[in-house]
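The next block holds one structure in the form of structure tokens; read it before the comments.
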Amino acid sequence: DTEVTQTPKHLVMGMTNKKSLKCEQHMGHRAMYWYKQKAKKPPELMFVYSYEKLSINESVPSRFSPECPNSSLLNLHLHALQPEDSALYLCASSPRQGDRYGYTFGSGTRLTVV
Amino acid sequence: DQQVKQNSPSLSVQEGRISILNCDYTNSMFDYFLWYKKYPAEGPTFLISISSIKDKNEDGRFTVFLNKSAKHLSLHIVPSQPGDSAVYFCAGGTQGGSEKLVFGKGTKLTVNP
């Protein structure tokens, strides 16, 4: 298995909703990442987990709450989002944090906040 | 401050010709650079990397050149194929401690049959 699987692929939520994005990999990678990508912009790092511990939080608002329950799973809990949070949310993994041979990305969750 | 810049938002080439995608960076601390390819509705796919101590890395039709003094790298695709049509992202990374990738804005490559 050489994939990073993200669910759901599309999500529409209201500003008062609570939802979660899920990411799963079974490649034995010990670093997992959340990126946010707006249209015509590069992916922007949000969080990094290394060996299931939060390693980097890029000053992301608290309405985004990451969770890494085990080495294969990464969640992003969403609460009270704003319309400007609408974006493509990408999960990635790598054997170790900052692996120079690149990350494996999932296909992303397209989030729309209404 | 944009540490990685891809100044051409788009590039169009004929099938069989060479595609050259350019990337400039400002952070001299980058230890390596990566190129990713992204199709619509898919996540980025790792393509090729180069260490900051090298000036060239080749993998099949893809070659990346690094000019450290100019803080410039380029991706050459020869020969270009219609299936290469995608958005290409350049990214810089550092090792040791809190490594993370910094991406450019991407260049949309269209290879015409």
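Going by the structure tokens order, chains are called A, B, ..., each with residues numbered from 1, while ligands are numbered from 1 in the order shown.
Set the cut-off at 6 Å, count only C-alpha atoms, and the residues of chain A near chain B turn out to be Lys41, Pro42, Gly98, Phe105, Gly106, Ser107 and Gly108 of chain A.
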Looking only at strand (DSSP E or B) from DSSP on the backbone, list the matching residues of chain A as an MDAnalysis selection string. chainID A and resid 4:7 10:13 18:25 31:37 44:50 53:57 64:70 73:79 87:94 104:105 109:113
May I have the residues within 9 Å of Ala80 in chain A as JSON, numbers by chain, using only C-alpha atoms and disregarding those fewer than 4 positions away in the same chain? {"A": [14, 15, 16, 17, 18, 63, 64]}
